[in-house]
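Participant: Here you go, this is protein_11.txt (compact mmCIF, C-alpha atoms).
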```txt
# COMPACT_ATOMS: atom_id res chain seq x y z
CA MET A 244 -115.71 -54.31 171.17
CA THR A 245 -118.15 -53.43 173.93
CA GLY A 246 -120.71 -51.46 171.96
CA VAL A 247 -120.90 -48.77 169.30
CA ARG A 248 -122.96 -45.82 168.22
CA LEU A 249 -123.68 -45.44 164.52
CA ILE A 250 -124.84 -42.02 163.31
CA LEU A 251 -126.56 -41.92 159.91
CA SER A 252 -126.87 -38.46 158.40
CA GLY A 253 -129.31 -37.50 155.65
CA ASN A 254 -132.87 -36.45 154.90
CA GLY A 255 -135.56 -36.51 152.21
CA PRO A 256 -137.87 -39.38 151.21
CA GLY A 257 -135.54 -40.91 148.61
CA GLU A 258 -132.49 -40.95 150.85
CA LEU A 259 -134.38 -42.18 153.90
CA THR A 260 -136.06 -45.13 152.20
CA GLY A 261 -133.37 -45.91 149.63
CA TRP A 262 -130.14 -45.46 151.59
CA ILE A 263 -130.62 -44.86 155.30
CA ALA A 264 -133.20 -47.53 156.11
CA PRO A 265 -131.34 -50.36 154.29
CA VAL A 266 -128.02 -49.42 155.92
CA ALA A 267 -129.63 -49.22 159.36
CA ARG A 268 -131.24 -52.64 158.94
CA ALA A 269 -127.97 -54.14 157.72
CA ALA A 270 -126.06 -52.64 160.66
CA LYS A 271 -128.56 -54.05 163.15
CA ARG A 272 -128.26 -57.49 161.57
CA LEU A 273 -124.45 -57.44 161.57
CA ALA A 274 -124.26 -56.22 165.16
CA SER A 275 -126.74 -58.84 166.29
CA GLU A 276 -124.77 -61.60 164.59
CA ALA A 277 -121.57 -60.35 166.25
CA GLY A 278 -123.23 -59.95 169.64
CA THR A 279 -122.28 -56.26 169.68
CA PRO A 280 -124.57 -53.71 171.39
CA LEU A 281 -125.45 -51.08 168.80
CA ARG A 282 -127.15 -47.71 169.13
CA ILE A 283 -128.25 -46.09 165.85
CA THR A 284 -128.85 -42.35 165.70
CA LEU A 285 -130.47 -40.71 162.69
CA ALA A 286 -129.37 -37.11 162.17
CA LEU A 287 -131.96 -35.47 159.89
CA SER A 288 -129.79 -32.89 158.17
CA PRO A 289 -131.49 -29.84 156.62
CA SER A 290 -132.61 -30.61 153.06
CA GLN A 291 -134.50 -28.66 150.43
CA PHE A 292 -135.81 -32.01 149.18
CA ALA A 293 -137.55 -32.85 152.47
CA GLY A 294 -141.31 -32.61 152.50
CA GLY A 295 -141.83 -31.91 156.20
CA ARG A 296 -143.14 -35.24 157.54
CA GLU A 297 -139.79 -37.05 157.65
CA LEU A 298 -139.43 -36.86 161.45
CA GLU A 299 -142.88 -38.33 162.00
CA VAL A 300 -142.40 -41.09 159.43
CA VAL A 301 -138.97 -42.29 160.55
CA ARG A 302 -140.02 -42.40 164.19
CA ALA A 303 -142.88 -44.69 163.18
CA TRP A 304 -140.38 -47.08 161.58
CA GLN A 305 -138.96 -47.84 165.06
CA LEU A 306 -135.62 -48.45 163.39
CA PHE A 307 -133.53 -45.84 165.23
CA ASP A 308 -132.70 -45.43 168.89
CA GLU A 309 -132.59 -41.66 168.49
CA VAL A 310 -133.73 -39.23 165.80
CA ILE A 311 -132.29 -35.71 165.82
CA PRO A 312 -134.48 -33.10 164.02
CA PRO A 313 -132.85 -30.79 161.43
CA ALA A 314 -132.68 -27.68 163.63
CA ALA A 315 -131.02 -29.65 166.41
CA VAL A 316 -128.55 -31.17 163.92
CA VAL A 317 -127.47 -27.68 162.86
CA ARG A 318 -127.09 -26.54 166.47
CA LEU A 319 -125.06 -29.63 167.31
CA ALA A 320 -122.88 -29.42 164.20
CA PHE A 321 -122.06 -25.79 164.83
CA GLY A 322 -121.15 -26.20 168.47
CA ALA A 323 -124.22 -25.88 170.67
CA GLY A 324 -123.89 -28.73 173.17
CA GLY A 325 -123.26 -32.43 172.76
CA ASP A 326 -119.48 -32.17 172.76
CA GLY A 327 -118.09 -35.64 172.13
CA GLN A 328 -119.69 -38.98 172.98
CA ASP A 329 -119.08 -41.97 175.19
CA GLY A 330 -117.50 -45.01 173.57
CA PRO A 331 -116.66 -45.87 169.97
CA GLY A 332 -118.77 -44.74 167.07
CA ALA A 333 -118.86 -43.66 163.44
CA LEU A 334 -120.93 -41.38 161.21
CA VAL A 335 -122.06 -42.20 157.69
CA HIS A 336 -123.18 -39.39 155.39
CA LEU A 337 -126.12 -40.69 153.33
CA GLY A 338 -127.31 -37.52 151.68
CA GLY A 339 -127.70 -33.84 152.42
CA ASP A 340 -125.04 -31.25 153.12
CA LEU A 341 -121.54 -32.77 153.21
CA SER A 342 -120.17 -29.97 155.37
CA ILE A 343 -122.81 -30.43 158.06
CA SER A 344 -122.11 -34.18 158.22
CA GLY A 345 -118.39 -33.50 158.47
CA ARG A 346 -118.83 -30.90 161.21
CA LEU A 347 -121.22 -33.17 163.10
CA ALA A 348 -118.70 -36.03 163.08
CA ALA A 349 -115.95 -33.69 164.28
CA ARG A 350 -118.19 -32.36 167.05
CA LEU A 351 -119.01 -35.90 168.19
CA ARG A 352 -115.35 -36.91 167.81
CA VAL A 353 -116.10 -39.90 165.60
CA PRO A 354 -114.68 -40.84 162.18
CA ALA A 355 -116.90 -40.10 159.19
CA ALA A 356 -117.62 -41.99 155.99
CA ALA A 357 -119.82 -40.98 153.08
CA LEU A 358 -121.75 -42.64 150.28
CA ALA A 359 -121.07 -41.04 146.89
CA GLU A 360 -123.11 -41.40 143.72
CA THR A 361 -121.53 -38.33 142.07
CA THR A 362 -118.16 -36.59 142.26
CA LEU A 363 -119.50 -33.73 144.39
CA ILE A 364 -117.70 -35.11 147.42
CA ALA A 365 -114.30 -34.54 145.77
CA ARG A 366 -114.31 -30.96 147.12
CA ARG A 367 -115.02 -32.13 150.68
CA HIS A 368 -113.29 -35.48 150.81
CA GLN A 369 -110.94 -34.31 153.59
CA LEU A 370 -113.91 -34.45 155.96
CA PHE A 371 -114.29 -38.20 155.48
CA ARG A 372 -112.05 -41.09 156.33
CA ARG A 373 -113.77 -43.44 153.91
CA ILE A 374 -115.89 -42.99 150.78
CA PHE A 375 -118.30 -45.65 149.54
CA ALA A 376 -118.78 -45.25 145.78
CA VAL A 377 -122.00 -46.61 144.29
CA SER A 378 -120.14 -47.81 141.18
CA SER A 379 -116.65 -48.37 139.84
CA GLY A 380 -117.22 -45.49 137.45
CA VAL A 381 -117.82 -43.08 140.33
CA ALA A 382 -114.76 -44.47 142.13
CA ASP A 383 -112.57 -43.94 139.07
CA ARG A 384 -113.80 -40.39 138.57
CA LEU A 385 -113.17 -39.53 142.21
CA ALA A 386 -109.63 -40.92 141.98
CA GLY A 387 -109.14 -38.79 138.86
CA LEU A 388 -110.11 -35.73 140.92
CA ALA A 389 -107.27 -36.34 143.39
CA VAL A 390 -109.31 -38.15 146.02
CA PRO A 391 -106.85 -40.68 147.54
CA ALA A 392 -107.63 -44.11 146.10
CA GLY A 393 -106.99 -45.68 149.50
CA LYS A 394 -110.07 -44.08 151.03
CA ILE A 395 -112.42 -45.11 148.16
CA THR A 396 -114.20 -48.43 148.10
CA VAL A 397 -116.90 -49.59 145.66
CA SER A 398 -119.90 -50.56 147.76
CA GLY A 399 -122.72 -50.55 145.24
CA ASP A 400 -125.97 -48.67 145.77
CA PRO A 401 -127.95 -49.47 148.96
CA ARG A 402 -131.17 -48.72 147.08
CA SER A 403 -130.75 -52.22 145.68
CA ASP A 404 -131.58 -53.58 149.12
CA ALA A 405 -134.56 -51.29 149.74
CA PHE A 406 -136.96 -53.51 147.78
CA ALA A 407 -135.23 -56.88 147.92
CA GLU A 408 -138.57 -58.61 148.43
CA ALA A 409 -140.27 -56.97 145.43
CA PRO A 410 -139.16 -58.87 142.31
CA ARG A 411 -140.36 -57.92 138.86
CA ILE A 412 -143.58 -59.81 138.03
CA ALA A 413 -144.43 -61.08 134.55
CA ALA A 414 -146.47 -58.67 132.43
CA SER A 415 -149.86 -58.37 134.07
CA SER A 416 -151.57 -57.57 130.74
CA GLU A 417 -151.53 -61.31 130.15
CA ARG A 418 -154.14 -61.52 132.91
CA GLY A 419 -156.50 -58.95 131.41
CA ARG A 420 -156.38 -55.17 131.15
CA PRO A 421 -152.95 -53.53 131.40
CA VAL A 422 -151.85 -52.09 134.72
CA LEU A 423 -150.61 -48.50 134.69
CA SER A 424 -148.95 -47.20 137.84
CA LEU A 425 -148.59 -43.49 138.48
CA MET A 426 -145.90 -42.11 140.81
CA PRO A 427 -146.76 -38.41 141.36
CA GLY A 428 -144.13 -37.73 144.02
CA SER A 429 -143.54 -38.09 147.74
CA ARG A 430 -143.99 -34.43 148.68
CA ASP A 431 -147.36 -32.75 149.11
CA ARG A 432 -146.84 -29.97 146.61
CA PHE A 433 -145.88 -32.38 143.81
CA PHE A 434 -148.60 -34.88 144.62
CA ALA A 435 -151.31 -32.20 144.70
CA VAL A 436 -150.36 -30.91 141.24
CA MET A 437 -149.29 -34.07 139.42
CA THR A 438 -151.94 -36.56 140.56
CA PRO A 439 -154.92 -34.75 138.99
CA TYR A 440 -152.89 -34.25 135.81
CA LEU A 441 -151.75 -37.86 135.51
CA THR A 442 -155.15 -39.33 136.36
CA ALA A 443 -156.75 -37.03 133.78
CA ALA A 444 -154.38 -38.50 131.20
CA ALA A 445 -155.26 -42.03 132.32
CA ASP A 446 -158.96 -41.22 131.96
CA ALA A 447 -158.39 -39.72 128.51
CA MET A 448 -156.86 -42.99 127.32
CA GLU A 449 -160.29 -44.60 127.38
CA HIS A 450 -161.30 -42.39 124.46
CA LEU A 451 -158.35 -43.93 122.60
CA GLY A 452 -159.60 -47.45 123.24
CA VAL A 453 -157.14 -48.23 126.05
CA ARG A 454 -158.78 -49.01 129.39
CA ALA A 455 -156.15 -49.67 132.03
CA ARG A 456 -156.26 -50.54 135.69
CA VAL A 457 -154.62 -47.56 137.38
CA ASN A 458 -152.51 -47.55 140.54
CA VAL A 459 -151.61 -44.27 142.23
CA ILE A 460 -148.60 -44.83 144.47
CA VAL A 461 -149.13 -42.93 147.74
CA SER A 462 -145.92 -42.24 149.62
CA GLU A 463 -145.91 -42.55 153.40
CA PHE A 464 -144.26 -39.11 153.47
CA LEU A 465 -147.43 -37.41 152.19
CA SER A 466 -149.75 -35.74 154.65
CA PRO A 467 -153.09 -37.57 155.02
CA SER A 468 -155.03 -34.33 154.51
CA THR A 469 -153.39 -33.76 151.13
CA VAL A 470 -154.03 -37.35 150.04
CA ASP A 471 -157.69 -37.16 151.10
CA ARG A 472 -158.21 -33.88 149.27
CA VAL A 473 -156.60 -35.14 146.06
CA ARG A 474 -158.51 -38.44 146.17
CA ALA A 475 -161.79 -36.55 146.49
CA GLU A 476 -160.86 -34.31 143.56
CA VAL A 477 -159.99 -37.28 141.34
CA ALA A 478 -163.14 -39.17 142.31
CA GLN A 479 -165.26 -36.16 141.39
CA ASP A 480 -163.50 -35.45 138.09
CA HIS A 481 -163.05 -39.06 136.91
CA PRO A 482 -165.78 -41.21 138.49
CA GLY A 483 -165.43 -44.01 135.96
CA LEU A 484 -161.67 -44.47 136.31
CA ASP A 485 -160.62 -47.90 137.64
CA ILE A 486 -158.16 -46.65 140.23
CA THR A 487 -156.41 -48.14 143.27
CA TRP A 488 -154.63 -45.94 145.79
CA VAL A 489 -151.58 -47.91 146.90
CA GLY A 490 -150.10 -46.97 150.27
CA ARG A 491 -148.76 -50.32 151.48
CA GLU A 492 -146.06 -52.38 149.78
CA PRO A 493 -145.78 -49.97 146.84
CA TRP A 494 -142.92 -51.81 145.16
CA THR A 495 -144.99 -54.98 144.93
CA ALA A 496 -147.70 -53.02 143.11
CA VAL A 497 -145.08 -51.43 140.89
CA GLY A 498 -143.65 -54.86 140.10
CA PHE A 499 -147.04 -55.95 138.77
CA SER A 500 -147.23 -52.95 136.43
CA ASP A 501 -147.03 -53.04 132.67
CA LEU A 502 -145.92 -49.41 132.66
CA VAL A 503 -145.10 -46.71 135.21
CA ILE A 504 -145.39 -42.98 134.65
CA THR A 505 -143.32 -40.93 137.07
CA ILE A 506 -141.59 -37.62 137.66
CA PRO A 507 -137.80 -37.09 137.93
CA GLY A 508 -136.10 -38.20 141.11
CA THR A 509 -134.59 -41.10 142.99
CA ASN A 510 -137.56 -43.25 142.04
CA THR A 511 -136.33 -43.38 138.43
CA LEU A 512 -133.21 -45.21 139.56
CA GLU A 513 -135.22 -47.54 141.77
CA LEU A 514 -137.56 -48.37 138.89
CA ALA A 515 -134.55 -49.10 136.72
CA MET A 516 -133.13 -51.44 139.36
CA LEU A 517 -136.45 -53.25 139.49
CA GLY A 518 -136.51 -53.56 135.70
CA VAL A 519 -139.97 -52.01 135.27
CA PRO A 520 -140.61 -50.15 131.99
CA PHE A 521 -141.42 -46.53 132.69
CA ALA A 522 -141.48 -43.03 131.28
CA VAL A 523 -140.65 -39.71 132.95
CA VAL A 524 -142.90 -36.68 132.59
CA VAL A 525 -141.85 -33.07 133.12
CA GLU A 526 -144.89 -30.88 132.52
CA GLU A 527 -143.49 -27.38 132.27
CA GLU A 528 -146.69 -25.83 133.61
CA ALA A 529 -145.92 -27.62 136.90
CA LEU A 530 -142.42 -26.18 137.31
CA HIS A 531 -143.65 -23.86 140.05
CA VAL A 532 -143.44 -26.83 142.43
CA ALA A 533 -140.13 -28.23 141.14
CA PRO A 534 -137.31 -28.59 143.72
CA LEU A 535 -134.09 -26.64 143.20
CA GLU A 536 -130.53 -27.36 144.24
CA GLY A 537 -128.66 -25.39 146.87
CA MET A 538 -129.39 -21.77 147.70
CA ALA A 539 -131.83 -21.41 144.80
CA GLU A 540 -134.40 -23.51 146.68
CA TRP A 541 -134.30 -21.21 149.69
CA ILE A 542 -134.58 -18.10 147.49
CA ALA A 543 -137.61 -19.67 145.76
CA ARG A 544 -139.34 -19.92 149.14
CA ILE A 545 -139.28 -16.13 149.63
CA PRO A 546 -142.94 -15.05 149.23
CA ALA A 547 -142.13 -12.02 147.09
CA LEU A 548 -140.29 -14.15 144.51
CA GLY A 549 -142.10 -17.45 144.78
CA PRO A 550 -143.31 -19.41 141.75
CA ALA A 551 -141.90 -17.07 139.08
CA PHE A 552 -138.33 -17.48 140.32
CA ARG A 553 -138.79 -21.24 140.71
CA ARG A 554 -140.12 -21.62 137.15
CA ALA A 555 -137.25 -19.59 135.70
CA ALA A 556 -134.62 -21.46 137.69
CA ALA A 557 -136.14 -24.85 136.87
CA ARG A 558 -136.19 -24.02 133.14
CA GLY A 559 -132.52 -23.11 133.39
CA VAL A 560 -131.76 -26.46 135.01
CA LEU A 561 -133.69 -28.30 132.28
CA ARG A 562 -131.72 -26.51 129.57
CA ARG A 563 -128.44 -27.66 131.14
CA LEU A 564 -129.50 -31.25 131.77
CA LYS A 565 -129.01 -33.75 128.98
CA TYR A 566 -131.23 -36.27 130.77
CA VAL A 567 -133.81 -35.94 133.55
CA ALA A 568 -134.07 -39.66 134.34
CA LEU A 569 -131.19 -40.97 136.45
CA PRO A 570 -130.79 -44.29 134.55
CA ASN A 571 -130.53 -42.35 131.28
CA ALA A 572 -127.86 -40.13 132.83
CA ARG A 573 -126.00 -43.18 134.15
CA ALA A 574 -126.19 -44.92 130.76
CA GLY A 575 -125.42 -41.79 128.74
CA ARG A 576 -128.28 -42.57 126.36
CA MET A 577 -132.08 -42.50 126.22
CA VAL A 578 -133.08 -45.84 127.73
CA VAL A 579 -136.49 -44.75 129.03
CA PRO A 580 -138.68 -42.08 127.40
CA GLU A 581 -138.48 -38.55 128.74
CA TRP A 582 -141.42 -36.32 127.93
CA VAL A 583 -140.40 -32.76 128.73
CA GLY A 584 -142.60 -29.89 127.60
CA ARG A 585 -146.16 -28.63 127.76
CA TRP A 586 -148.51 -31.58 127.45
CA THR A 587 -152.26 -31.55 127.86
CA PRO A 588 -153.66 -34.67 129.52
CA GLU A 589 -154.85 -35.74 126.06
CA ASP A 590 -151.34 -35.31 124.63
CA LEU A 591 -149.90 -37.42 127.43
CA ALA A 592 -152.66 -40.01 127.04
CA LYS A 593 -151.64 -40.64 123.43
CA ARG A 594 -148.02 -41.25 124.40
CA VAL A 595 -148.95 -43.56 127.26
CA ALA A 596 -151.45 -45.46 125.11
CA ASP A 597 -148.82 -45.99 122.42
CA LEU A 598 -146.52 -47.62 124.98
CA LEU A 599 -149.28 -49.76 126.49
CA ASN A 600 -150.19 -50.94 122.99
CA ASP A 601 -146.58 -51.89 122.25
CA PRO A 602 -145.51 -54.78 124.52
CA ALA A 603 -142.36 -55.39 122.47
CA ARG A 604 -141.15 -51.84 123.10
CA ARG A 605 -141.90 -52.10 126.81
CA GLU A 606 -140.00 -55.36 127.07
CA ALA A 607 -137.07 -53.82 125.19
CA ILE A 608 -137.00 -50.97 127.73
CA ALA A 609 -137.12 -53.45 130.63
CA ALA A 610 -134.31 -55.52 129.08
CA GLU A 611 -132.14 -52.43 128.64
CA LEU A 612 -132.75 -51.39 132.24
CA ARG A 613 -131.74 -54.82 133.48
CA GLY A 614 -128.66 -54.67 131.28
CA LEU A 615 -127.43 -51.49 132.92
CA GLY A 616 -126.33 -53.48 135.98
CA LEU A 617 -127.55 -50.84 138.41
CA ARG A 618 -128.77 -53.28 141.03
CA THR A 619 -126.06 -54.35 143.47
CA PRO A 620 -127.57 -56.50 146.25
CA GLY A 621 -125.56 -56.44 149.47
CA ALA A 622 -124.52 -52.80 149.10
CA ALA A 623 -126.22 -51.76 152.35
CA GLU A 624 -124.32 -54.47 154.24
CA HIS A 625 -121.06 -53.34 152.65
CA VAL A 626 -121.59 -49.77 153.88
CA ALA A 627 -122.75 -50.89 157.31
CA ALA A 628 -119.81 -53.27 157.75
CA GLY A 629 -117.33 -50.57 156.75
CA ALA A 630 -118.83 -48.10 159.20
CA LEU A 631 -118.85 -50.60 162.05
CA ALA A 632 -115.22 -51.46 161.31
CA MET A 633 -114.30 -47.76 161.59
CA ALA A 634 -116.06 -47.59 164.92
CA GLU A 635 -114.34 -50.74 166.15
CA ARG A 636 -110.94 -49.19 165.51
CA MET A 637 -111.84 -46.47 168.04
CA SER A 638 -112.27 -48.99 170.86
```
Show the structure stored in the file as structure tokens.

Facilitator:
Amino acid sequence: MTGVRLILSGNGPGELTGWIAPVARAAKRLASEAGTPLRITLALSPSQFAGGRELEVVRAWQLFDEVIPPAAVVRLAFGAGGDGQDGPGALVHLGGDLSISGRLAARLRVPAAALAETTLIARRHQLFRRIFAVSSGVADRLAGLAVPAGKITVSGDPRSDAFAEAPRIAASSERGRPVLSLMPGSRDRFFAVMTPYLTAAADAMEHLGVRARVNVIVSEFLSPSTVDRVRAEVAQDHPGLDITWVGREPWTAVGFSDLVITIPGTNTLELAMLGVPFAVVVEEEALHVAPLEGMAEWIARIPALGPAFRRAAARGVLRRLKYVALPNARAGRMVVPEWVGRWTPEDLAKRVADLLNDPARREAIAAELRGLGLRTPGAAEHVAAGALAMAERMS
């Protein structure tokens, strides 16, 4: 094989850090070991879960030879230029709209594969030559939905390789005050609403006799102006709070935590893989910034409808969901606490303090998370190797 082009399609902070980056790194390593020239293109597909800084962030990673912005991806997928490509290649769908990834692969005349963590792909499986299932359970369900078993392979979840160097550290409370990490989201609108709320709860714990060291995990996808504004607000409102704003090596800081408080999202699965005890908070007063699936998200962005529509739609989603934390949904039972409702910071402080004062319960949560078997090291290499093999068959 003379050289290949690998196109990775997806968008949004969780997909970029948890799936796309590990697969890209694995592909580079495999190609280097084989002595094969490799060009990696990232196609940032349109996504309602993107925060707006994805293009800037991924370019700074210097991991991709080319990054195609969302608008250009749509133009290319629907026939505006870029017809075909030189040499062998393959596309891997790693999040976003399945149809756009399928159309993009057809336009570039390369075979397409897709990573699947749900059965949603069953309706679009004809677009893909190969499907990488994150678990045997997903693979079995896809086969039961008439997806040909021959195109399904169990790869594991590449998120397992996203923080391979961040092992779980022994309980830091043994070294003094407990460490509480707060994960208020990787998009500006969530961070701006949830950080003041969560830090207010952390401050309120001191009145309950629990004085923790607090980490606020600051995603690289947040805009610096939003982070600066929120930090100033927290400093003014809670001057005595022992707080560290963590922007570098966040998973190392999380690994040192006795407890993490987070919002729903991909991070709940990553925390479960790391084996860190955590709880998920859905404060219903903050539903006006909640993301929505599909067309509902775009309707919610219409100024005349705005927050009211988003709140109503989000409440409808909550009523239908049995679990809001991904590891609970995977396990089919309540492994980590889910606090859904209207909670004042003082209400939340009591719940958090109870967990920090109960090391046996926290360790039981961590043990259950480890027992779920969600972490599958080597998954990113499995996906990358499969994609490169598809491309090789073109040569």

Participant: Pick from A:Pro421, A:Gly393, A:Gly261, A:Gly345: nearest to Phe371 (chain A), with all atoms listed in the file counted?

Facilitator: A:Gly345

Participant: Between A:Leu514, A:Ile506, A:Leu249, A:Val390, which one has atoms that come closest to Pro354 (chain A), using only C-alpha atoms?

Facilitator: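 Nearest candidate to Pro354 (chain A) out of A:Leu514, A:Ile506, A:Leu249, A:Val390: A:Leu249.
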
Participant: Give me, please, the distance in Å between CA of Thr396 (chain A) and CA of Leu341 (chain A), quoted to one decimal.

Facilitator: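 Straight-line distance from CA of Thr396 (chain A) to CA of Leu341 (chain A) works out to 18.0 Å.
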
Participant: At a cut-off of 10 Å, using all atoms listed in the file, what residues contact His450 (chain A)? Leave out same-chain residues fewer than 4 positions from it and give the result as a PyMOL selection string.

Facilitator: chain A and resi 445-446+454+589+592-593

Participant: Go through A:Leu423, A:Phe434, A:Arg594, A:Ala610 and flag the residue nearest Val503 (chain A), using all atoms listed in the file for the distances.

Facilitator: A:Leu423

Participant: Go through A:Ile311, A:Ser500, A:Leu425, A:Glu526 one by one, measure the shortest atom-to-atom distance of each to Gly584 (chain A) using only C-alpha atoms, and give the residue with the smallest value.

Facilitator: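 Using only C-alpha atoms, the shortest distance to Gly584 (chain A) belongs to A:Glu526.
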
Participant: One number please: CA of Leu259 (chain A) to CA of Val578 (chain A), in Å, one decimal.

Facilitator: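 CA of Leu259 (chain A) sits 26.5 Å away from CA of Val578 (chain A).
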
Participant: I'd like to know which of A:Asp431, A:Asp601, A:Glu581, A:Glu299 is closest to Thr469 (chain A), using all atoms listed in the file.

Facilitator: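 That would be A:Asp431, the residue with the smallest distance to Thr469 (chain A).
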
Participant: Might you pull out every residue within 12 Å of Arg573 (chain A), with all atoms listed in the file counted and same-chain residues fewer than 6 positions away left off, and present them as a list in words?

Facilitator: Glu360, Thr361, Val377, Ser378, Gly380, Val381, Thr511, Leu512, Ala515, Lys565, Tyr566, Val567, Val579, Leu612, Leu615, Gly616 and Leu617 of chain A

Participant: Take the selection from the previous step and output its residues with C-alpha atoms, as an mmCIF file, keeping the file's coordinate frame.

Facilitator:
```cif
data_model
loop_
_atom_site.group_PDB
_atom_site.id
_atom_site.type_symbol
_atom_site.label_atom_id
_atom_site.label_comp_id
_atom_site.auth_asym_id
_atom_site.auth_seq_id
_atom_site.Cartn_x
_atom_site.Cartn_y
_atom_site.Cartn_z
ATOM 1 C CA GLU A 360 -123.110 -41.400 143.720
ATOM 2 C CA THR A 361 -121.530 -38.330 142.070
ATOM 3 C CA VAL A 377 -122.000 -46.610 144.290
ATOM 4 C CA SER A 378 -120.140 -47.810 141.180
ATOM 5 C CA GLY A 380 -117.220 -45.490 137.450
ATOM 6 C CA VAL A 381 -117.820 -43.080 140.330
ATOM 7 C CA THR A 511 -136.330 -43.380 138.430
ATOM 8 C CA LEU A 512 -133.210 -45.210 139.560
ATOM 9 C CA ALA A 515 -134.550 -49.100 136.720
ATOM 10 C CA LYS A 565 -129.010 -33.750 128.980
ATOM 11 C CA TYR A 566 -131.230 -36.270 130.770
ATOM 12 C CA VAL A 567 -133.810 -35.940 133.550
ATOM 13 C CA VAL A 579 -136.490 -44.750 129.030
ATOM 14 C CA LEU A 612 -132.750 -51.390 132.240
ATOM 15 C CA LEU A 615 -127.430 -51.490 132.920
ATOM 16 C CA GLY A 616 -126.330 -53.480 135.980
ATOM 17 C CA LEU A 617 -127.550 -50.840 138.410
#
```

Participant: Could you please determine the separation between CA of Ala314 (chain A) and CA of Leu298 (chain A) in Å, to one decimal place?

Facilitator: 11.6 Å

Participant: Just checking: using all atoms listed in the file, which residue out of A:Arg366, A:His336, A:Arg585, A:Arg248 ends up closest to Val524 (chain A)?

Facilitator: A:Arg585

Participant: If you count all atoms listed in the file, which residues fall within 7 Å of region 283-294 of chain A, apart from same-chain ones fewer than 5 positions away, as a ChimeraX atom specification?

Facilitator: /A:248-256,307-313,316,339,430-431,534,540

Participant: Could you give me, as a ChimeraX atom specification, the residues within 10 Å of Ala435 (chain A), counting only C-alpha atoms and dropping anything in the same chain fewer than 4 positions from it?

Facilitator: /A:427-428,430-431,439-440,465,469-470,472-474,476,532

Participant: Just want the 10 Å neighbourhood of Arg636 (chain A), counted on all atoms listed in the file, with same-chain residues fewer than 5 positions away dropped. Output as a list of chain:residue names.

Facilitator: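 The neighbour list is A:Met244, A:Pro331, A:Gly332, A:Ala333, A:Pro354, A:Leu631.
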